[in-house]
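run.txt follows; it contains compact mmCIF, C-alpha atoms.
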```txt
# COMPACT_ATOMS: atom_id res chain seq x y z
CA MET A 20 124.08 2.86 114.04
CA SER A 21 127.39 3.33 112.23
CA ASP A 22 130.07 5.89 113.03
CA ASP A 23 133.21 7.14 111.38
CA GLU A 24 135.96 4.80 112.46
CA HIS A 25 138.09 4.02 109.43
CA ASP A 26 141.43 3.48 111.16
CA GLY A 27 143.22 0.46 109.83
CA LEU A 28 140.71 -0.33 107.11
CA ASP A 29 141.14 0.51 103.45
CA PRO A 30 137.99 1.69 101.61
CA ASP A 31 137.73 -1.47 99.47
CA LEU A 32 137.79 -3.74 102.48
CA GLU A 33 135.40 -1.50 104.36
CA LEU A 34 132.95 -1.63 101.45
CA ALA A 35 133.34 -5.39 101.11
CA LEU A 36 132.53 -5.89 104.80
CA ARG A 37 129.54 -3.56 104.61
CA SER A 38 128.30 -5.44 101.55
CA LEU A 39 128.25 -8.86 103.18
CA PRO A 40 124.71 -10.22 103.51
CA ARG A 41 123.19 -9.32 106.85
CA GLU A 42 120.19 -11.60 106.75
CA GLN A 43 119.62 -15.31 106.38
CA ARG A 44 116.34 -17.08 106.94
CA PRO A 45 116.76 -19.51 109.86
CA PRO A 46 115.58 -23.12 109.54
CA ALA A 47 111.80 -23.30 110.13
CA PRO A 48 111.93 -25.77 113.06
CA ILE A 49 113.64 -23.13 115.21
CA GLU A 50 110.53 -20.94 115.28
CA GLU A 51 108.32 -23.89 116.20
CA HIS A 52 110.69 -24.96 118.99
CA ILE A 53 110.66 -21.42 120.43
CA VAL A 54 106.87 -21.15 120.21
CA GLN A 55 106.36 -24.57 121.84
CA THR A 56 108.70 -23.64 124.69
CA LEU A 57 106.96 -20.32 125.29
CA ARG A 58 103.53 -21.98 125.15
CA SER A 59 104.63 -24.52 127.73
CA GLU A 60 105.73 -21.65 129.99
CA GLY A 61 102.38 -19.92 129.54
CA LEU A 62 104.00 -16.94 127.80
CA LEU A 63 102.00 -17.41 124.59
CA ARG A 64 98.35 -17.92 123.88
CA PRO A 65 97.88 -19.86 120.63
CA ALA A 66 96.45 -17.89 117.73
CA SER A 67 92.77 -18.54 117.10
CA PRO A 68 91.99 -20.32 113.86
CA ALA A 69 91.08 -17.94 111.06
CA LEU A 70 90.64 -18.12 107.33
CA ARG A 71 92.36 -14.85 106.57
CA PRO A 72 95.68 -16.03 105.10
CA TRP A 73 93.75 -18.24 102.75
CA LEU A 74 91.83 -15.39 101.20
CA ARG A 75 94.56 -14.61 98.72
CA LEU A 76 95.06 -18.27 97.90
CA ALA A 77 91.33 -18.75 97.44
CA ALA A 78 91.05 -15.68 95.24
CA SER A 79 94.05 -16.81 93.23
CA ILE A 80 92.68 -20.29 92.64
CA ALA A 81 89.32 -18.88 91.64
CA LEU A 82 90.89 -16.47 89.17
CA LEU A 83 93.14 -19.10 87.63
CA ALA A 84 90.25 -21.53 87.34
CA LEU A 85 88.35 -18.90 85.39
CA GLY A 86 91.23 -18.21 83.01
CA PHE A 87 92.31 -14.78 84.19
CA ALA A 88 95.91 -13.77 83.67
CA SER A 89 97.89 -13.84 86.89
CA GLY A 90 100.30 -11.12 88.01
CA VAL A 91 99.66 -8.89 84.99
CA TRP A 92 98.09 -5.46 85.12
CA TRP A 93 95.66 -5.08 82.29
CA VAL A 94 94.57 -1.76 80.82
CA GLY A 95 92.64 -1.36 77.62
CA ASP A 96 89.93 -3.11 75.67
CA ARG A 97 89.44 -6.82 75.99
CA PRO A 98 86.49 -9.14 75.42
CA GLY A 99 83.80 -8.46 78.01
CA SER A 100 84.61 -4.82 78.60
CA SER A 101 82.16 -2.20 77.37
CA GLU A 102 83.61 0.96 75.95
CA GLY A 103 82.68 4.01 77.99
CA THR A 104 81.56 2.06 81.06
CA PRO A 105 83.40 3.20 84.18
CA ARG A 106 85.93 0.75 85.56
CA PHE A 107 86.73 0.26 89.23
CA LEU A 108 89.63 -1.26 91.06
CA PHE A 109 88.78 -3.38 94.11
CA LEU A 110 91.94 -3.34 96.22
CA LEU A 111 91.84 -6.36 98.54
CA HIS A 112 93.33 -5.36 101.87
CA GLU A 113 94.46 -8.20 104.13
CA PRO A 114 94.87 -8.14 107.89
CA PRO A 115 98.40 -9.03 109.06
CA GLY A 116 99.09 -12.64 110.05
CA PRO A 117 100.14 -15.16 110.92
CA PHE A 118 97.09 -17.20 111.79
CA GLU A 119 96.56 -20.90 112.17
CA PRO A 120 95.49 -22.61 108.94
CA PRO A 121 91.90 -23.74 108.44
CA THR A 122 90.85 -27.35 107.96
CA PRO A 123 90.83 -28.65 104.37
CA GLU A 124 87.00 -28.44 104.42
CA GLN A 125 87.06 -24.78 105.47
CA GLN A 126 89.66 -24.06 102.81
CA ARG A 127 87.60 -25.75 100.09
CA ALA A 128 84.51 -23.84 101.18
CA VAL A 129 86.33 -20.49 100.88
CA VAL A 130 87.78 -21.34 97.47
CA ASP A 131 84.31 -22.38 96.28
CA GLU A 132 82.87 -19.07 97.47
CA TYR A 133 85.47 -17.10 95.51
CA LYS A 134 84.98 -19.30 92.43
CA ALA A 135 81.24 -18.81 92.54
CA TRP A 136 81.58 -15.05 92.92
CA ALA A 137 84.19 -14.76 90.14
CA ALA A 138 82.18 -17.05 87.81
CA ALA A 139 79.05 -14.99 88.35
CA GLY A 140 81.02 -11.81 87.81
CA ARG A 141 82.47 -13.01 84.56
CA GLN A 142 79.19 -14.40 83.30
CA SER A 143 77.33 -11.18 83.97
CA GLY A 144 80.26 -9.23 82.54
CA PHE A 145 81.18 -7.01 85.48
CA LEU A 146 84.42 -8.82 86.44
CA LEU A 147 87.17 -8.00 83.94
CA ASP A 148 90.40 -9.02 85.62
CA GLY A 149 92.17 -9.76 88.86
CA VAL A 150 95.53 -10.73 90.30
CA LYS A 151 96.98 -12.06 93.50
CA LEU A 152 100.12 -10.18 94.64
CA LYS A 153 103.19 -11.78 96.22
CA ASP A 154 103.83 -10.94 99.87
CA ASP A 155 107.23 -9.28 99.50
CA GLY A 156 107.55 -5.76 98.19
CA LYS A 157 109.58 -2.58 98.24
CA VAL A 158 108.77 0.94 99.27
CA LEU A 159 110.39 4.06 97.84
CA PRO A 160 112.16 6.19 98.82
CA GLU A 161 114.69 3.72 100.21
CA PRO A 162 115.72 4.41 103.80
CA GLY A 163 119.37 4.80 104.79
CA ALA A 164 121.71 1.90 105.41
CA GLY A 165 121.28 0.00 108.65
CA SER A 166 117.49 -0.03 108.69
CA LEU A 167 115.52 -3.23 108.93
CA SER A 168 114.42 -5.06 105.81
CA ILE A 169 110.68 -5.50 106.05
CA GLY A 170 108.26 -7.30 103.78
CA ILE A 171 104.93 -5.85 102.78
CA GLY A 172 103.00 -9.04 103.48
CA PRO A 173 101.65 -10.83 106.58
CA SER A 174 104.94 -10.57 108.49
CA SER A 175 104.93 -6.78 108.33
CA GLY A 176 102.42 -6.56 111.15
CA GLU A 177 100.35 -4.07 109.17
CA PRO A 178 97.40 -4.48 106.80
CA PHE A 179 98.58 -4.92 103.24
CA ILE A 180 97.19 -5.30 99.71
CA GLY A 181 96.95 -8.98 98.77
CA GLY A 182 95.47 -8.57 95.29
CA TYR A 183 92.86 -6.74 93.26
CA PHE A 184 89.92 -7.14 90.93
CA VAL A 185 89.02 -4.90 88.01
CA VAL A 186 85.27 -4.54 87.52
CA GLN A 187 83.03 -2.40 85.36
CA ALA A 188 79.96 -0.71 86.79
CA SER A 189 77.68 2.18 85.95
CA GLY A 190 78.97 4.17 88.94
CA TYR A 191 80.00 3.99 92.58
CA ASP A 192 76.56 2.78 93.71
CA GLU A 193 76.77 -0.29 91.53
CA ALA A 194 80.46 -0.82 92.32
CA LEU A 195 79.62 -0.77 96.05
CA ARG A 196 76.83 -3.27 95.54
CA LEU A 197 79.16 -5.57 93.59
CA ALA A 198 81.89 -5.31 96.25
CA GLN A 199 79.41 -6.10 99.01
CA GLY A 200 78.87 -9.49 97.40
CA CYS A 201 82.59 -10.33 97.35
CA PRO A 202 83.58 -13.14 99.75
CA HIS A 203 86.63 -11.13 100.79
CA LEU A 204 84.43 -9.10 103.16
CA ARG A 205 82.96 -12.19 104.80
CA HIS A 206 86.38 -13.42 105.95
CA GLY A 207 87.84 -10.39 107.62
CA GLY A 208 89.32 -8.61 104.58
CA THR A 209 88.48 -5.07 103.53
CA ILE A 210 87.98 -3.71 100.01
CA GLU A 211 89.06 -0.28 98.83
CA ILE A 212 87.07 0.80 95.78
CA ARG A 213 88.69 3.24 93.35
CA GLU A 214 87.40 4.36 89.99
CA VAL A 215 89.85 4.19 87.09
CA ASP A 216 90.44 7.65 85.66
CA PRO A 217 90.24 7.28 81.85
CA VAL A 218 92.93 9.85 81.06
CA MET B 15 111.64 -1.49 103.42
CA VAL B 16 110.38 1.35 105.54
CA PRO B 17 112.15 4.10 107.48
CA ARG B 18 113.58 3.17 110.86
CA GLU B 19 111.01 5.21 112.81
CA GLU B 20 108.15 3.33 111.20
CA ALA B 21 109.86 0.00 111.88
CA ALA B 22 110.29 1.02 115.53
CA SER B 23 106.65 1.97 115.86
CA ARG B 24 105.57 -1.37 114.36
CA ASP B 25 107.89 -3.17 116.77
CA ARG B 26 106.40 -1.27 119.66
CA ALA B 27 102.84 -2.13 118.68
CA LEU B 28 103.75 -5.81 118.31
CA VAL B 29 105.60 -5.93 121.63
CA ASP B 30 102.67 -4.24 123.37
CA ARG B 31 100.29 -6.83 121.93
CA PHE B 32 102.57 -9.68 122.92
CA VAL B 33 103.04 -8.40 126.48
CA ARG B 34 99.38 -7.45 126.97
CA ASP B 35 97.65 -10.43 125.32
CA ARG B 36 100.42 -13.06 125.21
CA SER B 37 99.58 -12.96 121.50
CA GLU B 38 101.27 -15.72 119.55
CA ALA B 39 100.50 -13.94 116.28
CA ALA B 40 102.32 -10.81 117.53
CA PHE B 41 105.28 -12.86 118.74
CA ARG B 42 105.57 -14.78 115.47
CA THR B 43 105.42 -11.53 113.53
CA LEU B 44 108.21 -10.08 115.66
CA TYR B 45 110.22 -13.24 115.11
CA GLN B 46 109.75 -13.14 111.35
CA ARG B 47 110.79 -9.49 111.23
CA HIS B 48 114.00 -9.88 113.21
CA ALA B 49 115.09 -13.53 113.06
CA PRO B 50 116.82 -13.42 109.62
CA ARG B 51 119.21 -10.70 110.75
CA LEU B 52 119.79 -12.27 114.16
CA TYR B 53 120.40 -15.68 112.62
CA ARG B 54 123.04 -14.32 110.27
CA LEU B 55 124.66 -12.56 113.23
CA ALA B 56 124.56 -15.77 115.27
CA LEU B 57 126.09 -17.73 112.38
CA ARG B 58 128.99 -15.29 112.12
CA LEU B 59 129.55 -15.21 115.87
CA ALA B 60 129.54 -19.01 115.86
CA ALA B 61 132.12 -18.96 113.05
CA GLY B 62 129.74 -20.74 110.71
CA ARG B 63 128.50 -23.54 112.97
CA ALA B 64 124.86 -23.90 111.97
CA ASP B 65 123.96 -26.08 114.98
CA GLU B 66 125.49 -23.59 117.40
CA ALA B 67 123.82 -20.64 115.65
CA ALA B 68 120.43 -22.39 115.85
CA GLU B 69 120.91 -23.00 119.56
CA ILE B 70 121.94 -19.36 120.10
CA LEU B 71 118.92 -18.07 118.19
CA GLN B 72 116.48 -20.34 120.05
CA ASP B 73 117.82 -19.47 123.49
CA ALA B 74 118.07 -15.77 122.65
CA TRP B 75 114.41 -15.56 121.58
CA ILE B 76 113.22 -17.49 124.63
CA ARG B 77 115.20 -15.13 126.88
CA ALA B 78 113.94 -12.13 124.98
CA ALA B 79 110.31 -13.25 125.33
CA ARG B 80 110.76 -13.62 129.08
CA LYS B 81 112.41 -10.21 129.39
CA LEU B 82 110.24 -8.24 126.95
CA PRO B 83 107.82 -7.00 129.66
CA GLU B 84 110.80 -5.23 131.26
CA PHE B 85 112.18 -3.77 128.02
CA ARG B 86 112.24 0.01 128.41
CA TRP B 87 112.93 1.05 124.79
CA GLU B 88 116.19 2.79 125.72
CA SER B 89 117.61 1.29 122.53
CA ALA B 90 116.03 -0.02 119.33
CA LEU B 91 114.46 -3.45 119.72
CA ALA B 92 116.83 -4.78 117.04
CA THR B 93 119.87 -3.61 119.06
CA TRP B 94 118.49 -5.10 122.26
CA LEU B 95 117.84 -8.43 120.54
CA ALA B 96 121.30 -8.39 118.96
CA GLY B 97 122.76 -7.87 122.45
CA ILE B 98 120.98 -10.97 123.73
CA VAL B 99 122.28 -12.97 120.75
CA VAL B 100 125.84 -11.73 121.33
CA ASN B 101 125.77 -12.57 125.02
CA ARG B 102 124.23 -15.98 124.42
CA SER B 103 126.95 -16.66 121.84
CA ARG B 104 129.64 -15.79 124.37
CA GLU B 105 128.26 -18.45 126.70
CA ALA B 106 128.09 -20.96 123.85
CA ARG B 107 131.67 -20.18 122.83
CA ARG B 108 132.89 -20.63 126.40
CA ALA B 109 131.12 -24.00 126.55
CA ARG B 110 132.77 -25.07 123.29
CA ALA B 111 136.21 -23.62 124.06
CA GLY B 112 138.93 -25.45 122.18
CA SER B 113 136.77 -27.03 119.51
CA PRO B 114 137.94 -26.34 115.95
CA THR B 115 136.30 -23.77 113.69
CA PRO B 116 134.54 -25.32 110.67
CA LEU B 117 135.68 -22.77 108.11
CA GLU B 118 134.02 -24.61 105.26
CA ALA B 119 130.63 -23.88 106.83
CA VAL B 120 131.15 -20.13 107.06
CA GLY B 121 129.22 -17.80 104.81
CA THR B 122 127.20 -20.31 102.88
CA GLU B 123 125.40 -18.88 99.89
CA PRO B 124 121.80 -20.16 99.99
CA SER B 125 121.27 -19.23 96.35
CA GLY B 126 124.43 -20.99 95.14
CA PRO B 127 127.61 -19.53 93.69
CA THR B 128 127.23 -16.13 92.03
CA ALA B 129 129.58 -13.47 90.72
CA GLY B 130 131.64 -12.28 93.66
CA SER B 131 130.52 -15.08 95.94
CA GLU B 132 134.05 -16.55 96.05
CA ALA B 133 135.48 -13.24 97.24
CA ARG B 134 132.69 -12.97 99.79
CA LEU B 135 133.41 -16.48 101.00
CA ASP B 136 137.12 -15.66 101.41
CA LEU B 137 136.18 -12.62 103.45
CA GLU B 138 133.73 -14.60 105.59
CA ARG B 139 136.42 -17.21 106.21
CA ALA B 140 138.93 -14.54 107.18
CA VAL B 141 136.42 -13.02 109.62
CA ALA B 142 135.68 -16.48 111.07
CA SER B 143 139.38 -17.11 111.62
CA LEU B 144 139.78 -14.07 113.89
CA PRO B 145 140.15 -14.55 117.64
CA GLU B 146 136.70 -14.50 119.22
CA GLY B 147 136.90 -11.06 120.88
CA TYR B 148 138.22 -9.36 117.75
CA ARG B 149 135.67 -11.15 115.59
CA ARG B 150 132.79 -10.02 117.78
CA VAL B 151 133.72 -6.33 117.65
CA LEU B 152 134.52 -6.41 113.93
CA ILE B 153 131.19 -8.09 113.10
CA LEU B 154 129.23 -5.62 115.19
CA HIS B 155 131.02 -2.53 113.89
CA ASP B 156 132.13 -3.24 110.34
CA ILE B 157 129.40 -5.63 109.19
CA GLU B 158 126.37 -4.84 111.36
CA GLY B 159 127.11 -1.11 111.50
CA TYR B 160 126.82 -0.52 115.26
CA THR B 161 128.64 2.43 116.82
CA HIS B 162 131.28 1.98 119.49
CA ALA B 163 128.82 3.37 122.05
CA GLU B 164 126.25 0.74 121.04
CA ILE B 165 128.89 -1.99 121.08
CA GLY B 166 129.97 -0.83 124.53
CA GLY B 167 126.36 -1.22 125.69
CA ILE B 168 125.94 -4.64 124.09
CA LEU B 169 129.23 -6.11 125.32
CA ARG B 170 129.36 -4.09 128.55
CA ILE B 171 132.82 -2.73 127.74
CA GLU B 172 134.27 0.79 127.55
CA VAL B 173 134.08 2.65 124.25
CA GLY B 174 137.89 2.85 124.24
CA THR B 175 138.13 -0.92 124.60
CA SER B 176 135.78 -1.38 121.67
CA LYS B 177 137.91 0.96 119.55
CA SER B 178 141.20 -0.69 120.40
CA GLN B 179 139.76 -4.18 119.81
CA LEU B 180 138.45 -3.05 116.43
CA PHE B 181 141.87 -1.67 115.51
CA GLU B 182 143.51 -5.00 116.36
CA ALA B 183 140.72 -6.95 114.66
CA ARG B 184 141.18 -5.05 111.41
CA ARG B 185 144.92 -5.63 111.52
CA ALA B 186 144.35 -9.35 112.07
CA LEU B 187 141.79 -9.39 109.26
CA ARG B 188 144.23 -7.82 106.81
CA ARG B 189 146.83 -10.40 107.80
CA ALA B 190 144.32 -13.21 107.28
CA LEU B 191 143.56 -11.85 103.82
CA GLY B 192 147.26 -11.49 103.00
CA ARG B 193 147.07 -7.69 102.60
```

Do you think you could lay out the structure here as C-alpha cells?
Amino acid sequence: MSDDEHDGLDPDLELALRSLPREQRPPAPIEEHIVQTLRSEGLLRPASPALRPWLRLAASIALLALGFASGVWWVGDRPGSSEGTPRFLFLLHEPPGPFEPPTPEQQRAVVDEYKAWAAAGRQSGFLLDGVKLKDDGKVLPEPGAGSLSIGIGPSSGEPFIGGYFVVQASGYDEALRLAQGCPHLRHGGTIEIREVDPV
Amino acid sequence: MVPREEAASRDRALVDRFVRDRSEAAFRTLYQRHAPRLYRLALRLAAGRADEAAEILQDAWIRAARKLPEFRWESALATWLAGIVVNRSREARRARAGSPTPLEAVGTEPSGPTAGSEARLDLERAVASLPEGYRRVLILHDIEGYTHAEIGGILRIEVGTSKSQLFEARRALRRALGR
C-alpha cells in the first residue's frame, strides 16, 4: 500500500490525514448478527464448548484469592522463598479462541481446581508468585505503516502467553513434577518451564 | 503488531480452517482481526452514519464469507475485504441518494475529547462533506494508504481516473478547510 502522490496536498494536511484513526471497534451485535446469518445458511459450524478461555480467569481468581500481587513481576527475596533454591518460571500458553463459554458450574469447578493447586503450592512453599496477563500486547520491532494492528491474545489466531507462575524447586525434575499437577494442563493449555538464571 | 507477511500467513491459516471446516472459531477470529479497520472505513464512506456503516459491515462480511472459498489470494485479504466494503457502500449510497449527511456524527472519538481531537473532527467533517466519488478515493489513498493501482482494482476504474479524482478531491478538501 501507499505510493508517492503528493500533488495538491501540503505536508501538514497529508500528515493529518495519515494520522486519522484507522480502526474503531464495531458494536458487538453486528458480529452476532453475521454469525447467526451464516449459521442459518450452513456456512458455519458452531464452536464446541471448551473451558480454555476461562483458564486465565480461573488462574487469576485463584491467585487473587490467595493474596498474590497481580500484574507485577517480582524478583528478589520475599517470605516463602529459600535463598539458593532454583526458581522456575511456568509460562502458561493458551490456545487461540474464541470458544463458547462454559456453564457456571463448569466455571466454578475450574476456578476451584486452580485455587486448590495454588493453595497447596503456597502452603508447601513451592509457589512464590503468579500473574495473569492482559490479552493485548505489542511486538518490537514495529512494522512499517499500513500493516494490520493485531493483538497478542485470543483474537490473534495463534497460541499466546496468558500468565505465569514463579515456583521454587530443587531442579528440573521437581519443577516438571510440580507443573504436571497444574490444572492448566488438564484444560488444553501448555506450560513452558524455564529456570531463572540468578545472574 | 506483527509484520505484514506474518499477518498474511495467519489470515491464510484462518481462511483455510474456515473454508475446510466451516469453523466458527476461525471465522470469528478473522472478524475480530479485520472488523475494526473495516468498520472505520465503512463509517467514513457512510459520512458518519453509524446505522449505514453497521449495515455495510454486516452485508460485507456475509458476502465475504460466501465468496471466501473462491478467494485466490491475488491481493491481501485486508484489501479484498476493503473492496467488498467499498462496493457495498456504493450500493447503500445509491439507495440513500439525496438524504442529508449527518456531519455531527462523523469522526466520533470513543475515548472522549483529547488534545487535537477538535482538529481531527474538523478534518473528518471536511472529508465527509466531499462529493461521494472524491471522498471514496481520498479515503482509500490518503487515509487508508492504498496505491492508485489498488484503488483501481477495488473500484474497477483506471489508474488515471483514480489519480485525477484524487487531485480534485484534495482541491475540494482544501476548500472545505478554508485553505

Proximity check chain B to chain A, 6 Å, nearest pairs one decimal Å, all atoms listed in the file, as JSON lines:
```
{"residue": "B:Met15", "atom": "CA", "partner": "A:Ile169", "partner_atom": "CA", "distance": 4.9}
{"residue": "B:Pro17", "atom": "CA", "partner": "A:Pro162", "partner_atom": "CA", "distance": 5.1}
{"residue": "B:Arg18", "atom": "CA", "partner": "A:Ser166", "partner_atom": "CA", "distance": 5.5}
{"residue": "B:Arg36", "atom": "CA", "partner": "A:Leu63", "partner_atom": "CA", "distance": 4.7}
{"residue": "B:Ser37", "atom": "CA", "partner": "A:Arg64", "partner_atom": "CA", "distance": 5.6}
{"residue": "B:Glu38", "atom": "CA", "partner": "A:Leu63", "partner_atom": "CA", "distance": 5.4}
{"residue": "B:Ala39", "atom": "CA", "partner": "A:Pro117", "partner_atom": "CA", "distance": 5.5}
{"residue": "B:Thr43", "atom": "CA", "partner": "A:Ser174", "partner_atom": "CA", "distance": 5.2}
{"residue": "B:Pro50", "atom": "CA", "partner": "A:Arg44", "partner_atom": "CA", "distance": 4.6}
{"residue": "B:Arg51", "atom": "CA", "partner": "A:Glu42", "partner_atom": "CA", "distance": 4.2}
{"residue": "B:Tyr53", "atom": "CA", "partner": "A:Pro45", "partner_atom": "CA", "distance": 6.0}
{"residue": "B:Arg54", "atom": "CA", "partner": "A:Gln43", "partner_atom": "CA", "distance": 5.3}
{"residue": "B:Gln72", "atom": "CA", "partner": "A:Ile53", "partner_atom": "CA", "distance": 5.9}
{"residue": "B:Ile157", "atom": "CA", "partner": "A:Arg37", "partner_atom": "CA", "distance": 5.0}
{"residue": "B:Gly159", "atom": "CA", "partner": "A:Ser21", "partner_atom": "CA", "distance": 4.5}
{"residue": "B:Tyr160", "atom": "CA", "partner": "A:Met20", "partner_atom": "CA", "distance": 4.5}
{"residue": "B:Thr161", "atom": "CA", "partner": "A:Ser21", "partner_atom": "CA", "distance": 4.8}
```

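The space between CA of Ala68 in chain B and CA of Ala56 in chain B spans 7.8 Å.
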
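Ranking B:Val151, B:Leu57, B:Ala74, B:Ala90 by their shortest atom-to-atom distance to Glu20 in chain B, with only C-alpha atoms included, puts B:Ala90 first.
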
Put a box with edges along x, y and z around all the listed atoms of range 56-63 of chain B, pad it by 4 Å on each side, then give me its centre and sizes in Å, one decimal, as JSON.
```
{"center_x": 128.3, "center_y": -19.4, "center_z": 113.3, "size_x": 15.6, "size_y": 16.3, "size_z": 13.2}
```

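For the pair CA of Ala106 in chain B and CA of Leu59 in chain B, the interatomic distance is 9.9 Å.
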
Practice problem: Please identify all polymer residues lying at most 12 Å from the point (128.7, -21.8, 125.0) (file coordinates), using all atoms listed in the file, and present the result as a list of chain:residue names. | Solution: B:Leu59, B:Ala60, B:Asp65, B:Glu66, B:Ala67, B:Glu69, B:Ile70, B:Asp73, B:Val99, B:Val100, B:Asn101, B:Arg102, B:Ser103, B:Arg104, B:Glu105, B:Ala106, B:Arg107, B:Arg108, B:Ala109, B:Arg110, B:Ala111, B:Gly112, B:Ser113

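When CA of Leu135 in chain B is paired with CA of Glu182 in chain B, their separation reads 21.7 Å.
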
Hey, could you patch up range 74-90 of chain B with N, CA and C atoms and hand it over as a PDB file, in the coordinates of the input?
```pdb
ATOM      1  N   ALA B  74     118.169 -17.233 122.596  1.00  0.00           N
ATOM      2  CA  ALA B  74     118.070 -15.770 122.650  1.00  0.00           C
ATOM      3  C   ALA B  74     116.614 -15.324 122.567  1.00  0.00           C
ATOM      4  N   TRP B  75     115.832 -15.955 121.699  1.00  0.00           N
ATOM      5  CA  TRP B  75     114.410 -15.560 121.580  1.00  0.00           C
ATOM      6  C   TRP B  75     113.624 -15.931 122.827  1.00  0.00           C
ATOM      7  N   ILE B  76     113.942 -17.086 123.408  1.00  0.00           N
ATOM      8  CA  ILE B  76     113.220 -17.490 124.630  1.00  0.00           C
ATOM      9  C   ILE B  76     113.549 -16.510 125.756  1.00  0.00           C
ATOM     10  N   ARG B  77     114.822 -16.130 125.857  1.00  0.00           N
ATOM     11  CA  ARG B  77     115.200 -15.130 126.880  1.00  0.00           C
ATOM     12  C   ARG B  77     114.527 -13.797 126.593  1.00  0.00           C
ATOM     13  N   ALA B  78     114.541 -13.418 125.347  1.00  0.00           N
ATOM     14  CA  ALA B  78     113.940 -12.130 124.980  1.00  0.00           C
ATOM     15  C   ALA B  78     112.459 -12.104 125.328  1.00  0.00           C
ATOM     16  N   ALA B  79     111.756 -13.201 125.037  1.00  0.00           N
ATOM     17  CA  ALA B  79     110.310 -13.250 125.330  1.00  0.00           C
ATOM     18  C   ALA B  79     110.075 -13.104 126.832  1.00  0.00           C
ATOM     19  N   ARG B  80     110.932 -13.720 127.618  1.00  0.00           N
ATOM     20  CA  ARG B  80     110.760 -13.620 129.080  1.00  0.00           C
ATOM     21  C   ARG B  80     111.043 -12.210 129.579  1.00  0.00           C
ATOM     22  N   LYS B  81     112.009 -11.535 128.902  1.00  0.00           N
ATOM     23  CA  LYS B  81     112.410 -10.210 129.390  1.00  0.00           C
ATOM     24  C   LYS B  81     111.636  -9.052 128.750  1.00  0.00           C
ATOM     25  N   LEU B  82     110.892  -9.341 127.686  1.00  0.00           N
ATOM     26  CA  LEU B  82     110.240  -8.240 126.950  1.00  0.00           C
ATOM     27  C   LEU B  82     109.358  -7.333 127.830  1.00  0.00           C
ATOM     28  N   PRO B  83     108.636  -7.901 128.822  1.00  0.00           N
ATOM     29  CA  PRO B  83     107.820  -7.000 129.660  1.00  0.00           C
ATOM     30  C   PRO B  83     108.648  -5.937 130.377  1.00  0.00           C
ATOM     31  N   GLU B  84     109.946  -6.215 130.562  1.00  0.00           N
ATOM     32  CA  GLU B  84     110.800  -5.230 131.260  1.00  0.00           C
ATOM     33  C   GLU B  84     111.571  -4.338 130.292  1.00  0.00           C
ATOM     34  N   PHE B  85     111.423  -4.568 128.993  1.00  0.00           N
ATOM     35  CA  PHE B  85     112.180  -3.770 128.020  1.00  0.00           C
ATOM     36  C   PHE B  85     111.685  -2.336 128.043  1.00  0.00           C
ATOM     37  N   ARG B  86     112.622  -1.397 128.208  1.00  0.00           N
ATOM     38  CA  ARG B  86     112.240   0.010 128.410  1.00  0.00           C
ATOM     39  C   ARG B  86     112.447   0.886 127.171  1.00  0.00           C
ATOM     40  N   TRP B  87     112.780   0.321 126.052  1.00  0.00           N
ATOM     41  CA  TRP B  87     112.930   1.050 124.790  1.00  0.00           C
ATOM     42  C   TRP B  87     114.020   2.133 124.876  1.00  0.00           C
ATOM     43  N   GLU B  88     115.066   1.844 125.674  1.00  0.00           N
ATOM     44  CA  GLU B  88     116.190   2.790 125.720  1.00  0.00           C
ATOM     45  C   GLU B  88     117.095   2.603 124.507  1.00  0.00           C
ATOM     46  N   SER B  89     116.920   1.506 123.808  1.00  0.00           N
ATOM     47  CA  SER B  89     117.610   1.290 122.530  1.00  0.00           C
ATOM     48  C   SER B  89     116.564   0.740 121.570  1.00  0.00           C
ATOM     49  N   ALA B  90     116.955   0.605 120.289  1.00  0.00           N
ATOM     50  CA  ALA B  90     116.030  -0.020 119.330  1.00  0.00           C
ATOM     51  C   ALA B  90     115.864  -1.488 119.714  1.00  0.00           C
TER      52      ALA B  90
END
```
